[in-house]
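Participant: Input file: run-v2.cif. Contents: mmCIF, C-alpha atoms.
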data_upload
#
loop_
_atom_site.label_atom_id
_atom_site.label_comp_id
_atom_site.auth_asym_id
_atom_site.auth_seq_id
_atom_site.Cartn_x
_atom_site.Cartn_y
_atom_site.Cartn_z
CA MET S 192 114.91 161.40 124.40
CA ILE S 193 111.20 161.10 123.70
CA ASP S 194 111.06 164.87 123.97
CA ARG S 195 113.59 165.19 121.18
CA ILE S 196 111.61 162.84 118.95
CA GLY S 197 108.48 164.90 119.56
CA GLU S 198 110.36 168.05 118.70
CA ASP S 199 111.60 166.48 115.51
CA LEU S 200 108.12 165.51 114.37
CA GLY S 201 106.52 168.73 115.61
CA PHE S 202 107.60 170.71 112.61
CA PHE S 203 106.00 168.24 110.22
CA GLN S 204 102.87 168.13 112.31
CA THR S 205 102.56 171.89 112.07
CA ALA S 206 103.20 171.83 108.35
CA ILE S 207 100.58 169.13 107.74
CA ASN S 208 98.10 170.97 109.92
CA LEU S 209 98.53 174.12 107.88
CA ARG S 210 98.30 172.18 104.62
CA GLN S 211 95.05 170.65 105.85
CA GLN S 212 93.76 174.09 106.77
CA ARG S 213 94.67 175.47 103.37
CA GLN S 214 92.99 172.48 101.74
CA GLU S 215 89.80 173.43 103.57
CA VAL S 216 90.00 177.05 102.50
CA LEU S 217 90.50 176.04 98.87
CA ALA S 218 87.65 173.52 99.10
CA ALA S 219 85.43 176.31 100.43
CA ASN S 220 86.40 178.45 97.45
CA ILE S 221 85.53 175.67 95.02
CA ALA S 222 82.26 175.00 96.84
CA ASN S 223 81.30 178.66 96.61
CA ALA S 224 82.23 179.07 92.96
CA ASP S 225 78.63 180.06 92.13
CA THR S 226 77.73 182.03 95.26
CA PRO S 227 77.02 185.70 94.52
CA ASN S 228 79.31 188.16 96.34
CA TYR S 229 81.57 185.42 97.69
CA LYS S 230 85.19 186.53 97.85
CA ALA S 231 87.83 183.84 97.38
CA ARG S 232 90.11 183.42 100.41
CA ASP S 233 93.58 182.02 100.79
CA PHE S 234 96.61 182.43 103.01
CA ASP S 235 100.34 182.61 102.50
CA PHE S 236 101.63 179.22 103.58
CA SER S 237 105.25 180.10 104.25
CA SER S 238 104.51 183.14 106.39
CA ALA S 239 101.81 181.20 108.27
CA LEU S 240 104.27 178.40 108.97
CA GLN S 241 106.86 180.90 110.11
CA ASP S 242 104.33 182.56 112.39
CA VAL S 243 103.43 179.27 114.00
CA MET S 244 107.02 178.11 114.37
CA THR S 245 108.19 181.36 115.96
CA GLU S 246 105.12 181.29 118.22
CA ARG S 247 103.91 184.69 117.29
CA MET S 248 102.13 186.51 120.09
CA ARG S 249 98.55 185.52 119.85
CA LEU S 250 95.71 186.97 121.88
CA ALA S 251 93.83 184.43 123.92
CA ASP S 252 90.13 183.94 123.32
CA THR S 253 88.29 186.51 125.39
CA LYS S 254 84.80 186.70 126.77
CA LEU S 255 82.94 189.57 128.37
CA THR S 256 82.27 189.22 132.07
CA LEU S 257 78.54 189.05 132.61
CA THR S 258 77.34 190.58 135.85
CA SER S 259 73.67 190.68 134.95
CA PRO S 260 71.51 188.13 133.14
CA ARG S 261 70.51 190.88 130.74
CA HIS S 262 74.02 191.46 129.50
CA ILE S 263 74.72 190.40 125.97
CA PRO S 264 77.39 187.70 125.94
CA GLY S 265 80.27 188.87 123.80
CA ALA S 266 83.17 186.72 122.75
CA ALA S 267 86.18 187.27 120.58
CA ALA S 268 87.94 184.26 119.17
CA SER S 269 91.42 184.71 117.84
CA SER S 270 92.15 183.08 114.54
CA ASP S 271 93.57 179.58 114.53
CA SER S 272 96.96 180.32 113.10
CA ALA S 273 96.83 181.45 109.53
CA GLU S 274 95.45 184.84 108.64
CA LEU S 275 93.05 184.53 105.74
CA LEU S 276 93.45 187.06 102.98
CA TYR S 277 91.38 187.80 99.90
CA ARG S 278 92.54 186.67 96.51
CA GLN S 279 93.12 189.29 93.84
CA PRO S 280 90.63 188.39 91.12
CA LEU S 281 91.94 188.05 87.60
CA GLN S 282 88.50 188.08 86.04
CA PRO S 283 85.88 189.28 88.52
CA SER S 284 82.35 188.35 87.56
CA LEU S 285 79.30 190.58 87.52
CA ASP S 286 77.71 189.00 90.59
CA GLY S 287 80.64 190.01 92.80
CA ASN S 288 82.12 186.53 93.01
CA THR S 289 85.91 186.41 92.79
CA VAL S 290 86.43 182.64 92.59
CA ASP S 291 88.52 181.80 89.55
CA MET S 292 88.02 178.07 89.09
CA ASP S 293 91.31 177.52 87.21
CA VAL S 294 93.35 179.20 89.91
CA GLU S 295 91.56 177.34 92.68
CA ARG S 296 91.94 173.97 91.03
CA VAL S 297 95.62 174.51 90.36
CA GLN S 298 96.21 175.63 93.93
CA PHE S 299 94.21 172.68 95.23
CA ALA S 300 96.27 170.21 93.18
CA ASP S 301 99.48 171.92 94.25
CA ASN S 302 98.47 171.82 97.90
CA THR S 303 97.50 168.15 97.59
CA MET S 304 100.88 167.29 96.16
CA ARG S 305 102.73 169.15 98.87
CA TYR S 306 100.58 167.52 101.54
CA GLN S 307 101.48 164.13 100.11
CA SER S 308 105.17 164.96 100.00
CA ASP S 309 104.96 166.06 103.65
CA LEU S 310 103.40 162.70 104.44
CA THR S 311 106.12 160.86 102.57
CA ILE S 312 108.84 162.77 104.35
CA ILE S 313 107.30 162.18 107.76
CA SER S 314 106.97 158.46 107.02
CA GLN S 315 110.60 158.27 105.98
CA ARG S 316 111.58 160.16 109.11
CA ILE S 317 109.75 157.68 111.30
CA LYS S 318 111.35 154.77 109.48
CA THR S 319 114.80 156.30 109.93
CA MET S 320 114.16 156.73 113.63
CA LEU S 321 112.89 153.19 113.98
CA ALA S 322 115.99 151.91 112.21
CA ALA S 323 118.18 153.91 114.60
CA LEU S 324 116.28 152.56 117.61
CA GLN S 325 116.69 148.98 116.47
CA GLN S 326 120.48 149.19 116.09
CA MET D 1350 88.19 172.99 112.60
CA SER D 1351 88.32 169.25 112.51
CA SER D 1352 89.81 167.41 109.61
CA MET D 1353 86.37 166.24 108.49
CA THR D 1354 85.26 169.81 107.74
CA ILE D 1355 86.37 169.48 104.15
CA PHE D 1356 83.76 166.77 103.57
CA ASP D 1357 81.05 169.00 105.02
CA ILE D 1358 82.12 171.88 102.80
CA ALA D 1359 82.27 169.93 99.57
CA GLY D 1360 79.18 167.91 100.52
CA SER D 1361 77.12 171.05 101.04
CA ALA D 1362 78.17 172.20 97.59
CA LEU D 1363 77.06 168.87 96.11
CA ALA D 1364 73.64 169.25 97.73
CA ALA D 1365 73.30 172.85 96.61
CA GLN D 1366 74.36 172.14 93.04
CA SER D 1367 72.01 169.19 92.76
CA GLN D 1368 69.14 171.34 93.99
CA ARG D 1369 70.08 173.87 91.32
CA MET D 1370 69.93 171.08 88.75
CA ASN D 1371 66.53 170.03 90.08
CA VAL D 1372 65.19 173.54 89.65
CA THR D 1373 66.60 173.68 86.13
CA ALA D 1374 64.94 170.36 85.33
CA SER D 1375 61.64 171.69 86.66
CA ASN D 1376 61.97 174.82 84.52
CA MET D 1377 62.75 172.87 81.37
CA ALA D 1378 59.99 170.35 81.99
CA ASN D 1379 57.48 173.14 82.46
CA ALA D 1380 58.60 175.30 79.55
CA ASN D 1381 55.17 174.79 77.96
CA SER D 1382 52.95 174.62 81.05
CA VAL D 1383 50.42 177.31 80.23
CA VAL D 1384 48.42 176.71 83.41
CA GLY D 1385 49.96 176.04 86.79
CA PRO D 1386 48.15 175.04 90.00
CA ASP D 1387 47.20 178.70 90.57
CA GLY D 1388 45.74 179.11 87.10
CA GLN D 1389 48.66 181.26 86.00
CA PRO D 1390 51.38 180.22 83.54
CA TYR D 1391 54.37 178.51 85.13
CA LYS D 1392 57.09 180.90 86.27
CA ALA D 1393 60.75 180.00 85.99
CA ARG D 1394 62.49 179.53 89.32
CA GLU D 1395 66.04 180.25 90.33
CA VAL D 1396 68.07 179.19 93.34
CA VAL D 1397 69.93 181.76 95.43
CA PHE D 1398 73.20 180.48 96.86
CA GLN D 1399 74.61 181.71 100.11
CA MET D 1400 77.80 180.92 101.95
CA ALA D 1401 77.26 178.90 105.14
CA PRO D 1402 80.23 179.44 107.48
CA VAL D 1403 81.40 176.47 109.52
CA PRO D 1404 80.41 177.30 113.13
CA GLY D 1405 82.99 178.32 115.69
CA GLN D 1406 85.08 180.69 113.61
CA ALA D 1407 85.82 184.36 113.84
CA TYR D 1408 83.62 186.31 111.45
CA SER D 1409 86.40 187.78 109.32
CA GLN D 1410 88.23 184.44 109.10
CA ALA D 1411 85.25 182.26 108.31
CA VAL D 1412 85.33 179.65 105.59
CA GLY D 1413 82.42 177.40 104.84
CA GLY D 1414 80.26 175.56 102.41
CA VAL D 1415 77.29 176.76 100.47
CA ARG D 1416 73.58 176.47 101.02
CA VAL D 1417 70.49 177.36 99.06
CA ALA D 1418 69.12 180.47 100.76
CA SER D 1419 65.90 180.52 98.78
CA VAL D 1420 64.27 179.59 95.53
CA VAL D 1421 62.90 182.71 93.87
CA GLU D 1422 60.52 183.06 90.95
CA SER D 1423 61.91 184.84 87.95
CA ASN D 1424 60.05 188.09 87.25
CA ALA D 1425 60.78 188.08 83.54
CA PRO D 1426 57.62 188.90 81.59
CA ALA D 1427 55.55 185.98 80.29
CA LYS D 1428 56.14 185.14 76.66
CA LEU D 1429 53.09 186.05 74.59
CA GLN D 1430 52.22 183.69 71.80
CA TYR D 1431 49.63 184.58 69.17
CA ASP D 1432 47.09 181.75 69.12
CA PRO D 1433 43.50 183.08 68.90
CA LYS D 1434 41.97 179.61 68.75
CA ASN D 1435 43.37 178.68 72.17
CA PRO D 1436 40.66 178.86 74.89
CA LEU D 1437 43.19 180.60 77.17
CA ALA D 1438 43.86 183.43 74.71
CA ASP D 1439 43.09 186.99 75.83
CA GLU D 1440 40.91 189.39 73.83
CA ASN D 1441 43.79 190.19 71.45
CA GLY D 1442 44.39 186.49 70.75
CA TYR D 1443 47.62 186.14 72.78
CA VAL D 1444 48.34 183.24 75.13
CA ALA D 1445 50.70 183.92 78.05
CA MET D 1446 53.39 181.24 78.00
CA PRO D 1447 55.89 180.48 80.81
CA ASN D 1448 58.86 182.84 81.03
CA VAL D 1449 61.36 179.97 80.80
CA ASP D 1450 64.48 180.82 78.82
CA MET D 1451 65.59 177.47 77.41
CA VAL D 1452 69.07 178.64 76.44
CA ALA D 1453 69.75 180.11 79.87
CA GLU D 1454 68.46 176.95 81.54
CA THR D 1455 70.75 174.76 79.46
CA VAL D 1456 73.73 176.92 80.32
CA ASN D 1457 72.71 176.81 83.99
CA MET D 1458 72.52 173.03 83.88
CA ILE D 1459 75.98 172.66 82.35
CA SER D 1460 77.43 175.09 84.89
CA ALA D 1461 75.82 173.17 87.76
CA SER D 1462 77.11 169.84 86.53
CA ARG D 1463 80.66 171.19 86.13
CA SER D 1464 80.61 172.62 89.64
CA TYR D 1465 79.27 169.31 90.93
CA GLN D 1466 82.14 167.46 89.26
CA ALA D 1467 84.70 169.85 90.73
CA ASN D 1468 83.37 169.19 94.21
CA VAL D 1469 83.32 165.44 93.69
CA GLU D 1470 87.00 165.67 92.83
CA VAL D 1471 87.65 167.69 95.96
CA ILE D 1472 86.01 164.95 98.03
CA ASN D 1473 87.99 162.21 96.28
CA THR D 1474 91.26 164.05 96.82
CA ALA D 1475 90.44 164.71 100.47
CA LYS D 1476 89.52 161.06 100.94
CA SER D 1477 92.77 159.75 99.50
CA LEU D 1478 94.79 162.28 101.50
CA MET D 1479 93.01 161.24 104.67
CA SER D 1480 93.65 157.55 104.11
CA ARG D 1481 97.29 158.29 103.40
CA THR D 1482 97.47 160.32 106.60
CA LEU D 1483 96.04 157.39 108.53
CA SER D 1484 98.81 155.16 107.23
CA ILE D 1485 101.68 157.36 108.41
CA GLY D 1486 104.56 155.28 109.68
CA GLN D 1487 103.40 152.01 108.21
#
Rewrite the coordinates I just gave you, this time as structure tokens.
Facilitator:
Amino acid sequence: MIDRIGEDLGFFQTAINLRQQRQEVLAANIANADTPNYKARDFDFSSALQDVMTERMRLADTKLTLTSPRHIPGAAASSDSAELLYRQPLQPSLDGNTVDMDVERVQFADNTMRYQSDLTIISQRIKTMLAALQQ
Amino acid sequence: MSSMTIFDIAGSALAAQSQRMNVTASNMANANSVVGPDGQPYKAREVVFQMAPVPGQAYSQAVGGVRVASVVESNAPAKLQYDPKNPLADENGYVAMPNVDMVAETVNMISASRSYQANVEVINTAKSLMSRTLSIGQ
């Protein structure tokens, strides 16, 4: 029973996690709006969510085996879940920066709203479940 | 990445932008400083921004805040002002004035303050989202 409840909330947890991650990426874009040669990043939310939900094959974090103290430690970390892409600039600037403040702000506001609606839905879901439990 | 990363990212931008504003203020204040501590006219300074990736991420997937990599002196030529009575004038009667471009500095200041505001809004949004997240199920 508890397992089923966890499963029910798992989807929302994943969605909120991804929203949070996207919020960070967009905040990084806004923070670097004046950094020369910074390229704006973003990811496609729906495909990232699909990837996570279908448990796409992901390589585990790997490390080189060190058999001598003089070996250089090498490590490869696989990306969290979403694959970051580069935004197509509408008006690239001369210093190589591709952050378009209007686009970033709109996306940030949009992401905020969707995050809040996810929160509202999850709250309602919990309330529904509580009501069912108290019958 | 923890959920507090967003505050680090936007906070680093606030620090960087305020340093940029400081440098602009220094340039504007010294627009007429004919002699600096080294005996030379004041030289305009500029900040160089650099992205500072949040540690623990793959290189190609890194996001992060911004930091001031260095403050460089502008190498624009000194403005020469004809003033033969000035004791600092050269043999042709010209005084080397600081290479501060007032218009560019003003534009720089407005740009820095707008970026600062954008990041303050990011922090406010993140803060309200976080407090709403904490009240899930209440």
Participant: Determine the nearest neighbour of Met1377 in chain D from the options D:Arg1481, D:Pro1404, D:Tyr1465, D:Thr1455, counting only C-alpha atoms.
Facilitator: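 Using only C-alpha atoms, Met1377 in chain D sits closest to D:Thr1455.
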Participant: Which is closest to Gly201 in chain S among S:Ser284, S:Leu257, S:Ala267, S:Val243, if we use all atoms listed in the file?
Facilitator: S:Val243
Participant: Distance cut-off 6 Å, counting all atoms listed in the file - which residues of chain S neighbour chain D? Return them as a PDB file with C-alpha atoms, in the coordinates of the input.
Facilitator:
ATOM      1  CA  GLU S 215      89.800 173.430 103.570  1.00  0.00           C
ATOM      2  CA  ALA S 219      85.430 176.310 100.430  1.00  0.00           C
ATOM      3  CA  ALA S 222      82.260 175.000  96.840  1.00  0.00           C
ATOM      4  CA  ASN S 223      81.300 178.660  96.610  1.00  0.00           C
ATOM      5  CA  THR S 226      77.730 182.030  95.260  1.00  0.00           C
ATOM      6  CA  ALA S 268      87.940 184.260 119.170  1.00  0.00           C
ATOM      7  CA  LEU S 275      93.050 184.530 105.740  1.00  0.00           C
ATOM      8  CA  SER S 314     106.970 158.460 107.020  1.00  0.00           C
ATOM      9  CA  ILE S 317     109.750 157.680 111.300  1.00  0.00           C
TER      10      ILE S 317
END
Participant: Under the PyMOL selection byres ((chain D and resi 1424-1436) around 6), which residues of this model are included? Write them out as a count of residues only.
Facilitator: 10
Participant: Kindly resolve the PyMOL selection byres ((chain D and resi 1391) around 6) on the present coordinates and return the residues as a list in words.
Facilitator: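 Checked against the file, the PyMOL selection byres ((chain D and resi 1391) around 6) matches Ser1382, Gly1385, Pro1390, Lys1392 and Pro1447 of chain D.
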Participant: Next, the residues of the selection above should be written as a tab-separated table (two decimals), in the frame of the given file with C-alpha atoms.
Facilitator:
chain	number	residue	atom	x	y	z
D	1382	SER	CA	52.95	174.62	81.05
D	1385	GLY	CA	49.96	176.04	86.79
D	1390	PRO	CA	51.38	180.22	83.54
D	1392	LYS	CA	57.09	180.90	86.27
D	1447	PRO	CA	55.89	180.48	80.81
Participant: Can you tell me which residues surround Arg296 in chain S at a distance of at most 10 Å, considering only C-alpha atoms, apart from same-chain residues fewer than 2 positions away, and format the answer as an MDAnalysis selection string?
Facilitator: (chainID S and resid 217:218 220:221 291:294 298:302) or (chainID D and resid 1467 1470:1471)
Participant: Can you list what the PyMOL selection byres ((chain D and resi 1394) around 7) grabs from this structure, as a ChimeraX atom specification?
Facilitator: /D:1372,1376,1392-1393,1395-1396,1420-1423
Participant: Which residue gives the smallest distance to Asp199 in chain S among S:Thr303, S:Glu295, S:Thr258, S:Arg316, with all atoms listed in the file counted?
Facilitator: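 The answer is S:Arg316, which sits nearest to Asp199 in chain S.
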Participant: Do a neighbour search on Ile312 in chain S at 12 Å with all atoms listed in the file, toss out local chain neighbours closer than 4 positions, and write the hits as a CSV table (one decimal) with C-alpha atoms, keeping the file's coordinate frame.
Facilitator:
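Result went into result38.csv, see below:
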chain,number,residue,atom,x,y,z
S,200,LEU,CA,108.1,165.5,114.4
S,202,PHE,CA,107.6,170.7,112.6
S,203,PHE,CA,106.0,168.2,110.2
S,204,GLN,CA,102.9,168.1,112.3
S,206,ALA,CA,103.2,171.8,108.4
S,207,ILE,CA,100.6,169.1,107.7
S,305,ARG,CA,102.7,169.2,98.9
S,306,TYR,CA,100.6,167.5,101.5
S,307,GLN,CA,101.5,164.1,100.1
S,308,SER,CA,105.2,165.0,100.0
S,316,ARG,CA,111.6,160.2,109.1
S,317,ILE,CA,109.8,157.7,111.3
S,318,LYS,CA,111.4,154.8,109.5
S,319,THR,CA,114.8,156.3,109.9
D,1482,THR,CA,97.5,160.3,106.6
D,1485,ILE,CA,101.7,157.4,108.4
D,1486,GLY,CA,104.6,155.3,109.7
Participant: For CA of Tyr277 in chain S and CA of Lys230 in chain S, quote the distance in Å rounded to one decimal.
Facilitator: 6.6 Å
Participant: What gap, in Å, lies between CA of Glu274 in chain S and CA of Thr253 in chain S?
Facilitator: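 That distance, rounded to one decimal, is 18.3 Å.
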Participant: Since the input lacks some atoms of range 1454-1467 of chain D, please model N, CA, C and O atoms and print them as a short mmCIF file (atom, residue, chain, number, x, y, z; two decimals), in the frame of the given file.
Facilitator:
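In the end it all went to part-v5.cif:
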data_model
loop_
_atom_site.label_atom_id
_atom_site.label_comp_id
_atom_site.auth_asym_id
_atom_site.auth_seq_id
_atom_site.Cartn_x
_atom_site.Cartn_y
_atom_site.Cartn_z
N GLU D 1454 68.59 178.14 80.69
CA GLU D 1454 68.46 176.95 81.54
C GLU D 1454 69.50 175.90 81.18
O GLU D 1454 70.07 175.26 82.05
N THR D 1455 69.74 175.74 79.88
CA THR D 1455 70.75 174.76 79.46
C THR D 1455 72.13 175.15 79.97
O THR D 1455 72.88 174.31 80.49
N VAL D 1456 72.43 176.43 79.84
CA VAL D 1456 73.73 176.92 80.32
C VAL D 1456 73.85 176.69 81.83
O VAL D 1456 74.88 176.22 82.34
N ASN D 1457 72.75 176.98 82.54
CA ASN D 1457 72.71 176.81 83.99
C ASN D 1457 72.97 175.36 84.36
O ASN D 1457 73.70 175.07 85.32
N MET D 1458 72.38 174.45 83.59
CA MET D 1458 72.52 173.03 83.88
C MET D 1458 73.98 172.58 83.69
O MET D 1458 74.53 171.86 84.52
N ILE D 1459 74.59 173.05 82.60
CA ILE D 1459 75.98 172.66 82.35
C ILE D 1459 76.88 173.21 83.45
O ILE D 1459 77.76 172.51 83.98
N SER D 1460 76.62 174.47 83.83
CA SER D 1460 77.43 175.09 84.89
C SER D 1460 77.29 174.31 86.19
O SER D 1460 78.29 174.04 86.88
N ALA D 1461 76.04 173.92 86.52
CA ALA D 1461 75.82 173.17 87.76
C ALA D 1461 76.53 171.83 87.72
O ALA D 1461 77.15 171.42 88.70
N SER D 1462 76.49 171.16 86.56
CA SER D 1462 77.11 169.84 86.53
C SER D 1462 78.63 169.95 86.60
O SER D 1462 79.28 169.12 87.24
N ARG D 1463 79.20 171.00 86.02
CA ARG D 1463 80.66 171.19 86.13
C ARG D 1463 81.07 171.46 87.57
O ARG D 1463 82.06 170.92 88.07
N SER D 1464 80.28 172.31 88.24
CA SER D 1464 80.61 172.62 89.64
C SER D 1464 80.48 171.36 90.50
O SER D 1464 81.30 171.13 91.40
N TYR D 1465 79.47 170.56 90.20
CA TYR D 1465 79.27 169.31 90.93
C TYR D 1465 80.50 168.42 90.77
O TYR D 1465 81.05 167.90 91.74
N GLN D 1466 80.96 168.29 89.52
CA GLN D 1466 82.14 167.46 89.26
C GLN D 1466 83.36 167.96 90.01
O GLN D 1466 84.11 167.17 90.59
N ALA D 1467 83.54 169.29 90.03
CA ALA D 1467 84.70 169.85 90.73
C ALA D 1467 84.66 169.46 92.20
O ALA D 1467 85.68 169.09 92.79
#
